[in-house]
Amino acid sequence: MHLRSRAMARHARWAVFALLTCSGCSGGSDHDGSSAGGSPSSGGVLVGEAANAGGTAAGGTGGGAGAPTLGGAVSSGGAMSSGGIMAAGGAVSSGGTMAAGGAVGTGGSSSLGGRSGQGGVTAAGAAVSSGGSRAAGGAESGGASAGGDSSSGGQSPTCPSPALSPGDSNQTVPVGGSSRSYVLHVPASYSGSIAAPLIVDFHGLGGSGTQERSSSPYPGVVDGEGVVMAFPSGEAGPSGPAWNVGPCCVDTDDLAFARALVEHVESLACIDPKRVYAVGFSMGGGMSQYLACHAADIFAAVAPAAFDLLEENVGDCTPSRAITEISFRGTSDPIVPYDGGYSSVVPGMPITFLGAVGTFSKWAELNGCTGNPSGPDTNNCQTYSQCDDGVEVTLCTKQGGSHEAGNAAVAWPVLKRHTLP
């Protein structure tokens with residue numbers, strides 16, 4: 001059973017949250033993939049996302065996807081228009097936290113490396129006083145002056161003044177001598193006086209934070225709850241912008257980026273540090289899986305879609321505590337096969353997917369779950385609920401589903417009922 005260290009490394013500076021989403025893909029062919037509804041380039045595959053707007057409703061099957069083969073590089077160029085992820089807001093009280101939010105959006109039928117259907121995944125955020133740092137410890141209560149540190153069991157996060165105005169802004173954060181970028185989304189319902197959740201949404205292979213923001217199905221659902229969202233951009237790799245998920249797919253410290261991003265958002269907005277969540281589609285889902293393994297002190301829960309744990313690095317997945325994970329998978333996914341197996345999504349960096357059920361079972365093991373999973377329910381989700389520290393492990397399977405985003409309307413209620421200890 002993995003270590004359950006409760007110590008929350010609140011001073012983990014400038015560590016970042018990398019998100020995987022297909023960049024600039026409105027209405028075009030997939031980055032490193034085939035044109036919408038078409039067949040992929042020779043031997044090419046894209047673990048990314050690209051979908052045509054106006055697709056199926058939640059729970060509907062993805063349509064018009066060109067079935068790619070795994071084991072080759074993909075052609076470049078393309079775009080996607082829908083899908084995504086988002087976060088929602090809330091507030092902390094002395095000794096505890098409450099989460100809120102929810103999001104859902106419709107996606108289109110997927111093309112190579114694309115996604116379709118309604119849904120996605122969410123992540124909700126953390127807060128720290130402006131100019132201050134988070135100290136390890138329990139719940140915060142009481143007021144803290146601007147620029148002060150929150151201490152164990154003492155002060156609550158300070159809300160920066162003046163409050164951020166609603167809208168999107170391009171942000172940069174220094175990480176390891178370089179500058180990384182993300183899009184910060186502040187909904188109209190964000191008050192700036194109540195600590196809100198933060199959802200970090202990662203794009204797919206070949207994507208960007210800007211594209212993920214425009215295609216995410218979550219803002220339309222969670223904006224009303226005041227949830228702040230961040231959409232980071234991956235660094236360029238052999239097949240376009242990607243995330244470092246261990247054995248693949250770009251040589252950058254995206255774990256540090258994810259941590260740094262969260263801390264940076266906390267310095268700008270009134271964020272609840274106990275309600276920071278990671279979500280992502282395709283390789284972005286892989287990034288959220290990776291953060292659950294290596295940054296459970298920062299992220300309260302994760303919701304990956306269209307990606308699994310990997311055989312190459314699953315042995316290194318040792319979360320510091322039990323962490324809730326809800327995964328969305330399609331049985332007809334041509335990019336990340338439901339049953340798992342070998343894939344050459346990035347030239348020279350082969351990976352082996354553990355499979356949807358294999359990943360489900362592994363997270364149950366990591367979280368000390370006992371008994372049999374419940375379900376499937378009306379959303380075709382199965383859940384281990386008898387796990388360490390009350391966490392949940394859920395697998396939602398879409399029969400006939402392609403390479404597509406998850407159902408945010410299902411994911412968010414699960415995510416938001418879990419907070420950091």
# chains A, B, ... in the order shown; residues from 1 in each chain; ligands from 1
call {"tool": "closest_atom_pairs", "arguments": {"of": "segment 380-413 of chain A", "to": "segment 372-375 of chain A", "cutoff": "12 Å", "atoms": "only C-alpha atoms", "output": "Markdown table"}}
result
| residue | atom | partner | partner_atom | distance |
| --- | --- | --- | --- | --- |
| A:Asn380 | CA | A:Gly375 | CA | 7.2 |
| A:Cys381 | CA | A:Gly375 | CA | 6.2 |
| A:Gln382 | CA | A:Gly375 | CA | 4.6 |
| A:Thr383 | CA | A:Pro373 | CA | 4.9 |
| A:Tyr384 | CA | A:Pro373 | CA | 4.4 |
| A:Ser385 | CA | A:Pro373 | CA | 7.2 |
| A:Gln386 | CA | A:Pro373 | CA | 8.6 |
| A:Cys387 | CA | A:Pro373 | CA | 10.6 |
| A:Glu392 | CA | A:Pro373 | CA | 10.0 |
| A:Val393 | CA | A:Pro373 | CA | 8.7 |
| A:Thr394 | CA | A:Pro373 | CA | 8.4 |
| A:Leu395 | CA | A:Pro373 | CA | 9.6 |
| A:Cys396 | CA | A:Gly375 | CA | 9.9 |
| A:Thr397 | CA | A:Gly375 | CA | 11.2 |
call {"tool": "write_last_selection", "arguments": {"atoms": "N, CA and C atoms", "output": "mmCIF file, in the first residue's frame"}}
result
data_model
loop_
_atom_site.group_PDB
_atom_site.id
_atom_site.type_symbol
_atom_site.label_atom_id
_atom_site.label_comp_id
_atom_site.auth_asym_id
_atom_site.auth_seq_id
_atom_site.Cartn_x
_atom_site.Cartn_y
_atom_site.Cartn_z
ATOM 1 N N ASN A 380 -23.301 4.339 -16.877
ATOM 2 C CA ASN A 380 -22.379 3.229 -17.144
ATOM 3 C C ASN A 380 -21.045 3.421 -16.419
ATOM 4 N N CYS A 381 -21.136 3.907 -15.187
ATOM 5 C CA CYS A 381 -19.958 4.100 -14.343
ATOM 6 C C CYS A 381 -19.938 3.058 -13.238
ATOM 7 N N GLN A 382 -18.760 2.532 -12.983
ATOM 8 C CA GLN A 382 -18.538 1.621 -11.862
ATOM 9 C C GLN A 382 -17.633 2.319 -10.859
ATOM 10 N N THR A 383 -17.884 2.100 -9.558
ATOM 11 C CA THR A 383 -17.149 2.850 -8.535
ATOM 12 C C THR A 383 -16.744 1.986 -7.351
ATOM 13 N N TYR A 384 -15.461 2.099 -6.992
ATOM 14 C CA TYR A 384 -14.980 1.576 -5.713
ATOM 15 C C TYR A 384 -15.172 2.706 -4.703
ATOM 16 N N SER A 385 -15.986 2.482 -3.703
ATOM 17 C CA SER A 385 -16.239 3.520 -2.703
ATOM 18 C C SER A 385 -15.687 3.169 -1.327
ATOM 19 N N GLN A 386 -15.262 1.924 -1.140
ATOM 20 C CA GLN A 386 -14.681 1.523 0.141
ATOM 21 C C GLN A 386 -13.160 1.589 0.022
ATOM 22 N N CYS A 387 -12.653 2.823 0.058
ATOM 23 C CA CYS A 387 -11.229 3.063 -0.147
ATOM 24 C C CYS A 387 -10.653 3.861 1.018
ATOM 25 N N GLU A 392 -12.718 7.853 -3.818
ATOM 26 C CA GLU A 392 -13.452 7.022 -4.770
ATOM 27 C C GLU A 392 -12.589 6.759 -5.999
ATOM 28 N N VAL A 393 -12.811 5.613 -6.610
ATOM 29 C CA VAL A 393 -12.182 5.282 -7.886
ATOM 30 C C VAL A 393 -13.296 4.860 -8.834
ATOM 31 N N THR A 394 -13.433 5.571 -9.938
ATOM 32 C CA THR A 394 -14.559 5.352 -10.845
ATOM 33 C C THR A 394 -14.102 5.193 -12.288
ATOM 34 N N LEU A 395 -14.715 4.287 -12.993
ATOM 35 C CA LEU A 395 -14.512 4.128 -14.433
ATOM 36 C C LEU A 395 -15.857 4.256 -15.116
ATOM 37 N N CYS A 396 -15.974 5.248 -16.009
ATOM 38 C CA CYS A 396 -17.186 5.444 -16.797
ATOM 39 C C CYS A 396 -16.895 5.014 -18.227
ATOM 40 N N THR A 397 -17.595 4.006 -18.679
ATOM 41 C CA THR A 397 -17.363 3.434 -20.006
ATOM 42 C C THR A 397 -18.477 3.821 -20.963
#
call {"tool": "residues_around", "arguments": {"residues": "Thr324 of chain A", "least_positions_apart": "5", "cutoff": "9 Å", "atoms": "only C-alpha atoms", "output": "PDB file with N, CA and C atoms, in the first residue's frame"}}
result
ATOM      1  N   ALA A 292      -1.807  12.821 -10.359  1.00  0.00           N
ATOM      2  CA  ALA A 292      -2.377  12.048  -9.253  1.00  0.00           C
ATOM      3  C   ALA A 292      -1.303  11.177  -8.619  1.00  0.00           C
ATOM      4  N   ALA A 300      -6.582  17.727  -5.315  1.00  0.00           N
ATOM      5  CA  ALA A 300      -7.514  16.990  -4.467  1.00  0.00           C
ATOM      6  C   ALA A 300      -8.083  15.768  -5.162  1.00  0.00           C
ATOM      7  N   ALA A 301      -8.256  15.832  -6.480  1.00  0.00           N
ATOM      8  CA  ALA A 301      -8.826  14.725  -7.249  1.00  0.00           C
ATOM      9  C   ALA A 301      -8.554  14.993  -8.723  1.00  0.00           C
ATOM     10  N   VAL A 302      -8.661  13.940  -9.534  1.00  0.00           N
ATOM     11  CA  VAL A 302      -8.387  14.086 -10.966  1.00  0.00           C
ATOM     12  C   VAL A 302      -9.453  13.370 -11.779  1.00  0.00           C
ATOM     13  N   ALA A 303      -9.612  13.816 -13.037  1.00  0.00           N
ATOM     14  CA  ALA A 303     -10.587  13.205 -13.936  1.00  0.00           C
ATOM     15  C   ALA A 303     -10.025  13.152 -15.348  1.00  0.00           C
ATOM     16  N   TRP A 363      -5.754   1.822  -9.797  1.00  0.00           N
ATOM     17  CA  TRP A 363      -6.077   2.913  -8.882  1.00  0.00           C
ATOM     18  C   TRP A 363      -6.796   2.394  -7.632  1.00  0.00           C
ATOM     19  N   ASN A 367      -5.233   2.979  -3.900  1.00  0.00           N
ATOM     20  CA  ASN A 367      -6.053   3.670  -2.906  1.00  0.00           C
ATOM     21  C   ASN A 367      -6.584   2.750  -1.814  1.00  0.00           C
ATOM     22  N   GLY A 390     -11.795   7.596   2.459  1.00  0.00           N
ATOM     23  CA  GLY A 390     -13.061   7.960   1.842  1.00  0.00           C
ATOM     24  C   GLY A 390     -12.982   8.385   0.387  1.00  0.00           C
ATOM     25  N   VAL A 391     -11.873   8.109  -0.293  1.00  0.00           N
ATOM     26  CA  VAL A 391     -11.767   8.488  -1.698  1.00  0.00           C
ATOM     27  C   VAL A 391     -12.559   7.515  -2.561  1.00  0.00           C
ATOM     28  N   GLU A 392     -12.718   7.853  -3.818  1.00  0.00           N
ATOM     29  CA  GLU A 392     -13.452   7.022  -4.770  1.00  0.00           C
ATOM     30  C   GLU A 392     -12.589   6.759  -5.999  1.00  0.00           C
ATOM     31  N   VAL A 393     -12.811   5.613  -6.610  1.00  0.00           N
ATOM     32  CA  VAL A 393     -12.182   5.282  -7.886  1.00  0.00           C
ATOM     33  C   VAL A 393     -13.296   4.860  -8.834  1.00  0.00           C
ATOM     34  N   THR A 394     -13.433   5.571  -9.938  1.00  0.00           N
ATOM     35  CA  THR A 394     -14.559   5.352 -10.845  1.00  0.00           C
ATOM     36  C   THR A 394     -14.102   5.193 -12.288  1.00  0.00           C
ATOM     37  N   VAL A 414     -18.437  14.325  -8.603  1.00  0.00           N
ATOM     38  CA  VAL A 414     -17.506  13.436  -7.914  1.00  0.00           C
ATOM     39  C   VAL A 414     -16.303  14.220  -7.404  1.00  0.00           C
ATOM     40  N   LEU A 415     -15.718  15.013  -8.269  1.00  0.00           N
ATOM     41  CA  LEU A 415     -14.531  15.775  -7.887  1.00  0.00           C
ATOM     42  C   LEU A 415     -14.801  16.708  -6.711  1.00  0.00           C
ATOM     43  N   HIS A 418     -14.673  15.962  -2.926  1.00  0.00           N
ATOM     44  CA  HIS A 418     -13.400  15.552  -2.330  1.00  0.00           C
ATOM     45  C   HIS A 418     -12.461  16.751  -2.247  1.00  0.00           C
TER      46      HIS A 418
END
call {"tool": "residues_around", "arguments": {"residues": "segment 241-255 of chain A", "least_positions_apart": "4", "cutoff": "8 Å", "atoms": "only C-alpha atoms", "output": "VMD selection string"}}
result
chain A and resid 15 to 20 204 to 208 233 to 237 259 283 to 284 286 to 287 290 to 291 294 to 295 312 to 313 346 349 to 351
call {"tool": "write_last_selection", "arguments": {"atoms": "N, CA and C atoms", "output": "compact mmCIF listing (two decimals), in the first residue's frame"}}
result
# COMPACT_ATOMS: atom_id res chain seq x y z
N ALA A 15 5.88 24.92 -9.09
CA ALA A 15 5.68 23.62 -9.69
C ALA A 15 4.46 23.73 -10.53
N VAL A 16 4.35 23.02 -11.61
CA VAL A 16 3.29 23.37 -12.52
C VAL A 16 2.37 22.25 -12.88
N PHE A 17 1.29 22.72 -13.38
CA PHE A 17 0.26 21.81 -13.83
C PHE A 17 0.18 21.85 -15.33
N ALA A 18 0.61 20.78 -15.99
CA ALA A 18 0.58 20.79 -17.44
C ALA A 18 -0.73 20.22 -17.94
N LEU A 19 -1.35 20.86 -18.89
CA LEU A 19 -2.64 20.42 -19.42
C LEU A 19 -2.50 19.99 -20.85
N LEU A 20 -3.26 18.97 -21.25
CA LEU A 20 -3.17 18.49 -22.63
C LEU A 20 -4.42 18.82 -23.42
N GLY A 204 -4.67 18.07 -25.39
CA GLY A 204 -4.12 16.88 -26.00
C GLY A 204 -2.89 17.17 -26.84
N LEU A 205 -2.29 16.11 -27.36
CA LEU A 205 -1.09 16.22 -28.18
C LEU A 205 -1.32 17.18 -29.34
N GLY A 206 -0.41 18.12 -29.51
CA GLY A 206 -0.53 19.08 -30.60
C GLY A 206 -1.41 20.26 -30.28
N GLY A 207 -1.90 20.36 -29.06
CA GLY A 207 -2.82 21.43 -28.70
C GLY A 207 -2.15 22.59 -28.00
N SER A 208 -3.00 23.44 -27.39
CA SER A 208 -2.50 24.60 -26.64
C SER A 208 -3.54 24.99 -25.61
N SER A 233 -0.29 25.40 -21.56
CA SER A 233 0.19 24.96 -22.86
C SER A 233 1.43 24.09 -22.68
N GLY A 234 1.47 22.97 -23.39
CA GLY A 234 2.63 22.10 -23.34
C GLY A 234 3.76 22.63 -24.20
N GLU A 235 4.94 22.08 -24.01
CA GLU A 235 6.10 22.47 -24.79
C GLU A 235 6.19 21.63 -26.06
N ALA A 236 6.85 22.18 -27.08
CA ALA A 236 6.96 21.51 -28.37
C ALA A 236 7.77 20.22 -28.25
N GLY A 237 7.25 19.16 -28.88
CA GLY A 237 7.91 17.88 -28.92
C GLY A 237 7.97 17.37 -30.35
N ARG A 259 2.85 22.55 -10.62
CA ARG A 259 2.91 23.11 -9.27
C ARG A 259 3.07 24.63 -9.31
N MET A 283 -3.74 13.01 -24.17
CA MET A 283 -2.50 13.13 -23.44
C MET A 283 -2.65 14.07 -22.24
N GLY A 284 -3.61 14.97 -22.32
CA GLY A 284 -3.93 15.81 -21.16
C GLY A 284 -4.48 14.96 -20.03
N GLY A 286 -3.53 11.91 -19.65
CA GLY A 286 -2.32 11.28 -19.15
C GLY A 286 -1.60 12.16 -18.15
N MET A 287 -1.63 13.48 -18.40
CA MET A 287 -0.99 14.41 -17.47
C MET A 287 -1.72 14.45 -16.14
N TYR A 290 -0.74 11.45 -14.26
CA TYR A 290 0.61 11.61 -13.75
C TYR A 290 0.64 12.50 -12.50
N LEU A 291 -0.17 13.53 -12.49
CA LEU A 291 -0.23 14.42 -11.32
C LEU A 291 -0.84 13.70 -10.11
N HIS A 294 2.02 11.85 -8.65
CA HIS A 294 3.18 12.57 -8.14
C HIS A 294 2.89 13.94 -7.51
N ALA A 295 1.65 14.37 -7.50
CA ALA A 295 1.34 15.67 -6.89
C ALA A 295 0.01 15.63 -6.14
N GLU A 312 5.04 1.34 -18.55
CA GLU A 312 6.43 1.75 -18.40
C GLU A 312 6.72 2.48 -17.09
N ASN A 313 5.73 3.16 -16.52
CA ASN A 313 6.02 3.92 -15.30
C ASN A 313 5.01 3.72 -14.18
N VAL A 346 4.30 8.95 -30.35
CA VAL A 346 5.38 9.88 -30.60
C VAL A 346 6.58 9.07 -31.09
N MET A 349 9.38 7.19 -28.93
CA MET A 349 8.94 7.15 -27.53
C MET A 349 7.73 6.23 -27.38
N PRO A 350 7.89 4.95 -27.60
CA PRO A 350 6.75 4.04 -27.49
C PRO A 350 6.25 3.92 -26.06
N ILE A 351 4.95 3.73 -25.93
CA ILE A 351 4.34 3.54 -24.62
C ILE A 351 3.37 2.38 -24.69
call {"tool": "closest_residue", "arguments": {"among": "A:Leu310, A:Ile323, A:Cys317, A:Val200", "to": "Gly341 of chain A", "atoms": "only C-alpha atoms"}}
result
A:Leu310
call {"tool": "closest_atom_pairs", "arguments": {"of": "segment 348-415 of chain A", "to": "segment 330-338 of chain A", "cutoff": "6 Å", "atoms": "only C-alpha atoms", "output": "JSON lines"}}
result
{"residue": "A:Gly355", "atom": "CA", "partner": "A:Tyr338", "partner_atom": "CA", "distance": 5.5}
{"residue": "A:Ala356", "atom": "CA", "partner": "A:Tyr338", "partner_atom": "CA", "distance": 5.4}
{"residue": "A:Thr397", "atom": "CA", "partner": "A:Gly330", "partner_atom": "CA", "distance": 5.8}
{"residue": "A:Lys398", "atom": "CA", "partner": "A:Gly330", "partner_atom": "CA", "distance": 4.7}
{"residue": "A:Gln399", "atom": "CA", "partner": "A:Thr331", "partner_atom": "CA", "distance": 5.4}
{"residue": "A:Gly400", "atom": "CA", "partner": "A:Ser332", "partner_atom": "CA", "distance": 5.0}
{"residue": "A:Gly401", "atom": "CA", "partner": "A:Gly330", "partner_atom": "CA", "distance": 3.9}
{"residue": "A:Ser402", "atom": "CA", "partner": "A:Asp333", "partner_atom": "CA", "distance": 4.1}
{"residue": "A:His403", "atom": "CA", "partner": "A:Asp333", "partner_atom": "CA", "distance": 4.7}
call {"tool": "write_last_selection", "arguments": {"atoms": "N, CA and C atoms", "output": "mmCIF file, in the first residue's frame"}}
result
data_model
loop_
_atom_site.group_PDB
_atom_site.id
_atom_site.type_symbol
_atom_site.label_atom_id
_atom_site.label_comp_id
_atom_site.auth_asym_id
_atom_site.auth_seq_id
_atom_site.Cartn_x
_atom_site.Cartn_y
_atom_site.Cartn_z
ATOM 1 N N GLY A 355 -4.709 -0.074 -20.198
ATOM 2 C CA GLY A 355 -6.094 -0.413 -20.505
ATOM 3 C C GLY A 355 -7.043 0.222 -19.506
ATOM 4 N N ALA A 356 -8.294 0.398 -19.915
ATOM 5 C CA ALA A 356 -9.276 1.059 -19.056
ATOM 6 C C ALA A 356 -9.514 0.282 -17.761
ATOM 7 N N THR A 397 -17.595 4.006 -18.679
ATOM 8 C CA THR A 397 -17.363 3.434 -20.006
ATOM 9 C C THR A 397 -18.477 3.821 -20.963
ATOM 10 N N LYS A 398 -18.090 4.321 -22.124
ATOM 11 C CA LYS A 398 -19.067 4.680 -23.146
ATOM 12 C C LYS A 398 -19.032 3.615 -24.241
ATOM 13 N N GLN A 399 -20.063 2.812 -24.299
ATOM 14 C CA GLN A 399 -20.131 1.763 -25.301
ATOM 15 C C GLN A 399 -20.143 2.386 -26.696
ATOM 16 N N GLY A 400 -19.205 1.956 -27.527
ATOM 17 C CA GLY A 400 -19.098 2.505 -28.872
ATOM 18 C C GLY A 400 -18.435 3.862 -28.910
ATOM 19 N N GLY A 401 -18.029 4.368 -27.742
ATOM 20 C CA GLY A 401 -17.401 5.684 -27.680
ATOM 21 C C GLY A 401 -16.040 5.702 -28.345
ATOM 22 N N SER A 402 -15.716 6.818 -28.963
ATOM 23 C CA SER A 402 -14.447 6.969 -29.660
ATOM 24 C C SER A 402 -13.426 7.646 -28.758
ATOM 25 N N HIS A 403 -12.468 8.342 -29.366
ATOM 26 C CA HIS A 403 -11.443 9.072 -28.624
ATOM 27 C C HIS A 403 -12.038 10.432 -28.287
#
call {"tool": "select_by_dssp", "arguments": {"residues": "segment 270-304 of chain A", "states": "alpha helix (DSSP H)", "output": "mmCIF file with N, CA and C atoms, in the first residue's frame"}}
result
data_model
loop_
_atom_site.group_PDB
_atom_site.id
_atom_site.type_symbol
_atom_site.label_atom_id
_atom_site.label_comp_id
_atom_site.auth_asym_id
_atom_site.auth_seq_id
_atom_site.Cartn_x
_atom_site.Cartn_y
_atom_site.Cartn_z
ATOM 1 N N MET A 283 -3.743 13.014 -24.174
ATOM 2 C CA MET A 283 -2.497 13.133 -23.440
ATOM 3 C C MET A 283 -2.654 14.068 -22.245
ATOM 4 N N GLY A 284 -3.611 14.971 -22.320
ATOM 5 C CA GLY A 284 -3.930 15.809 -21.163
ATOM 6 C C GLY A 284 -4.483 14.960 -20.031
ATOM 7 N N GLY A 285 -5.249 13.906 -20.398
ATOM 8 C CA GLY A 285 -5.707 12.960 -19.395
ATOM 9 C C GLY A 285 -4.532 12.219 -18.790
ATOM 10 N N GLY A 286 -3.532 11.912 -19.653
ATOM 11 C CA GLY A 286 -2.325 11.278 -19.153
ATOM 12 C C GLY A 286 -1.605 12.163 -18.153
ATOM 13 N N MET A 287 -1.634 13.476 -18.397
ATOM 14 C CA MET A 287 -0.988 14.414 -17.471
ATOM 15 C C MET A 287 -1.723 14.448 -16.137
ATOM 16 N N SER A 288 -3.047 14.392 -16.182
ATOM 17 C CA SER A 288 -3.797 14.391 -14.924
ATOM 18 C C SER A 288 -3.557 13.089 -14.150
ATOM 19 N N GLN A 289 -3.403 11.970 -14.870
ATOM 20 C CA GLN A 289 -3.053 10.713 -14.208
ATOM 21 C C GLN A 289 -1.688 10.852 -13.527
ATOM 22 N N TYR A 290 -0.744 11.453 -14.257
ATOM 23 C CA TYR A 290 0.614 11.606 -13.746
ATOM 24 C C TYR A 290 0.639 12.496 -12.498
ATOM 25 N N LEU A 291 -0.171 13.527 -12.486
ATOM 26 C CA LEU A 291 -0.232 14.415 -11.319
ATOM 27 C C LEU A 291 -0.843 13.704 -10.111
ATOM 28 N N ALA A 292 -1.807 12.821 -10.359
ATOM 29 C CA ALA A 292 -2.377 12.048 -9.253
ATOM 30 C C ALA A 292 -1.303 11.177 -8.619
ATOM 31 N N CYS A 293 -0.391 10.667 -9.452
ATOM 32 C CA CYS A 293 0.686 9.821 -8.943
ATOM 33 C C CYS A 293 1.738 10.610 -8.181
ATOM 34 N N HIS A 294 2.022 11.849 -8.647
ATOM 35 C CA HIS A 294 3.184 12.574 -8.142
ATOM 36 C C HIS A 294 2.889 13.937 -7.507
#
call {"tool": "atom_distance", "arguments": {"atom1": "atom CA of Ala196 of chain A", "atom2": "atom CA of Ser169 of chain A"}}
result
17.7 Å
call {"tool": "atom_distance", "arguments": {"atom1": "atom CA of Pro376 of chain A", "atom2": "atom CA of Phe328 of chain A"}}
result
13.2 Å
call {"tool": "closest_residue", "arguments": {"among": "A:Tyr182, A:Trp412, A:Tyr277, A:Phe257", "to": "Ile298 of chain A", "atoms": "only C-alpha atoms"}}
result
A:Tyr277
call {"tool": "select_by_dssp", "arguments": {"residues": "segment 153-357 of chain A", "states": "strand (DSSP E)", "output": "ChimeraX atom specification"}}
result
/A:167-175,178-186,196-202,228-232,235-237,240-242,271-281,301-305,324-330,341-343,351-353
call {"tool": "write_last_selection", "arguments": {"atoms": "C-alpha atoms", "output": "mmCIF file, in the first residue's frame"}}
result
data_model
loop_
_atom_site.group_PDB
_atom_site.id
_atom_site.type_symbol
_atom_site.label_atom_id
_atom_site.label_comp_id
_atom_site.auth_asym_id
_atom_site.auth_seq_id
_atom_site.Cartn_x
_atom_site.Cartn_y
_atom_site.Cartn_z
ATOM 1 C CA GLY A 167 -12.633 37.172 -18.613
ATOM 2 C CA ASP A 168 -9.631 35.379 -20.049
ATOM 3 C CA SER A 169 -6.029 36.490 -19.813
ATOM 4 C CA ASN A 170 -2.725 35.101 -21.025
ATOM 5 C CA GLN A 171 -0.357 34.403 -18.151
ATOM 6 C CA THR A 172 3.265 33.313 -17.901
ATOM 7 C CA VAL A 173 5.118 31.691 -15.049
ATOM 8 C CA PRO A 174 8.877 31.025 -14.682
ATOM 9 C CA VAL A 175 9.802 27.342 -14.412
ATOM 10 C CA SER A 178 12.169 29.166 -18.840
ATOM 11 C CA SER A 179 8.812 30.867 -19.155
ATOM 12 C CA ARG A 180 5.671 28.750 -19.466
ATOM 13 C CA SER A 181 2.244 29.999 -20.472
ATOM 14 C CA TYR A 182 -1.380 29.362 -19.626
ATOM 15 C CA VAL A 183 -4.789 30.925 -20.117
ATOM 16 C CA LEU A 184 -6.513 32.053 -16.913
ATOM 17 C CA HIS A 185 -10.316 31.990 -17.051
ATOM 18 C CA VAL A 186 -12.276 33.989 -14.469
ATOM 19 C CA ALA A 196 -13.037 29.416 -5.234
ATOM 20 C CA PRO A 197 -12.054 25.997 -6.573
ATOM 21 C CA LEU A 198 -9.470 25.817 -9.335
ATOM 22 C CA ILE A 199 -9.615 23.413 -12.251
ATOM 23 C CA VAL A 200 -6.530 22.900 -14.363
ATOM 24 C CA ASP A 201 -7.451 21.612 -17.821
ATOM 25 C CA PHE A 202 -4.744 19.920 -19.926
ATOM 26 C CA VAL A 228 -11.617 29.569 -11.755
ATOM 27 C CA MET A 229 -9.918 27.619 -14.528
ATOM 28 C CA ALA A 230 -6.418 27.446 -15.953
ATOM 29 C CA PHE A 231 -5.534 26.078 -19.395
ATOM 30 C CA PRO A 232 -1.767 25.483 -19.654
ATOM 31 C CA GLU A 235 6.101 22.467 -24.793
ATOM 32 C CA ALA A 236 6.962 21.506 -28.373
ATOM 33 C CA GLY A 237 7.915 17.877 -28.924
ATOM 34 C CA GLY A 240 3.806 19.028 -31.496
ATOM 35 C CA PRO A 241 3.089 20.469 -28.050
ATOM 36 C CA ALA A 242 2.909 17.636 -25.532
ATOM 37 C CA ILE A 271 -8.436 30.219 -4.523
ATOM 38 C CA ASP A 272 -9.217 27.452 -2.048
ATOM 39 C CA PRO A 273 -5.982 25.406 -1.740
ATOM 40 C CA LYS A 274 -7.939 22.347 -0.697
ATOM 41 C CA ARG A 275 -9.990 22.302 -3.882
ATOM 42 C CA VAL A 276 -7.540 22.202 -6.765
ATOM 43 C CA TYR A 277 -8.383 19.600 -9.431
ATOM 44 C CA ALA A 278 -6.691 18.279 -12.556
ATOM 45 C CA VAL A 279 -8.533 17.171 -15.670
ATOM 46 C CA GLY A 280 -7.515 16.497 -19.226
ATOM 47 C CA PHE A 281 -8.325 14.834 -22.499
ATOM 48 C CA ALA A 301 -8.826 14.725 -7.249
ATOM 49 C CA VAL A 302 -8.387 14.086 -10.966
ATOM 50 C CA ALA A 303 -10.587 13.205 -13.936
ATOM 51 C CA PRO A 304 -8.713 11.969 -17.004
ATOM 52 C CA ALA A 305 -10.412 11.090 -20.285
ATOM 53 C CA THR A 324 -10.004 10.233 -5.975
ATOM 54 C CA GLU A 325 -9.784 9.376 -9.670
ATOM 55 C CA ILE A 326 -12.658 9.217 -12.168
ATOM 56 C CA SER A 327 -11.823 8.106 -15.688
ATOM 57 C CA PHE A 328 -13.804 8.255 -18.935
ATOM 58 C CA ARG A 329 -13.134 5.740 -21.714
ATOM 59 C CA GLY A 330 -14.753 4.729 -24.995
ATOM 60 C CA GLY A 341 -1.528 -2.185 -25.511
ATOM 61 C CA TYR A 342 1.491 -0.810 -27.346
ATOM 62 C CA SER A 343 1.424 2.568 -29.070
ATOM 63 C CA ILE A 351 4.340 3.542 -24.617
ATOM 64 C CA THR A 352 2.124 0.702 -23.468
ATOM 65 C CA PHE A 353 -1.348 1.519 -22.164
#
call {"tool": "atom_distance", "arguments": {"atom1": "atom CA of Ala163 of chain A", "atom2": "atom CA of Gly192 of chain A"}}
result
4.8 Å
call {"tool": "closest_residue", "arguments": {"among": "A:Pro238, A:Pro319, A:Gly224, A:Pro160", "to": "Gly348 of chain A", "atoms": "only C-alpha atoms"}}
result
A:Pro238
call {"tool": "residues_around", "arguments": {"residues": "Asp223 of chain A", "least_positions_apart": "4", "cutoff": "6 Å", "atoms": "only C-alpha atoms", "output": "number ranges by chain"}}
result
A: 187, 219, 227
call {"tool": "write_last_selection", "arguments": {"atoms": "C-alpha atoms", "output": "compact mmCIF listing (two decimals), in the first residue's frame"}}
result
# COMPACT_ATOMS: atom_id res chain seq x y z
CA PRO A 187 -16.08 33.58 -14.66
CA PRO A 219 -17.02 26.83 -18.49
CA VAL A 227 -14.94 28.25 -10.48
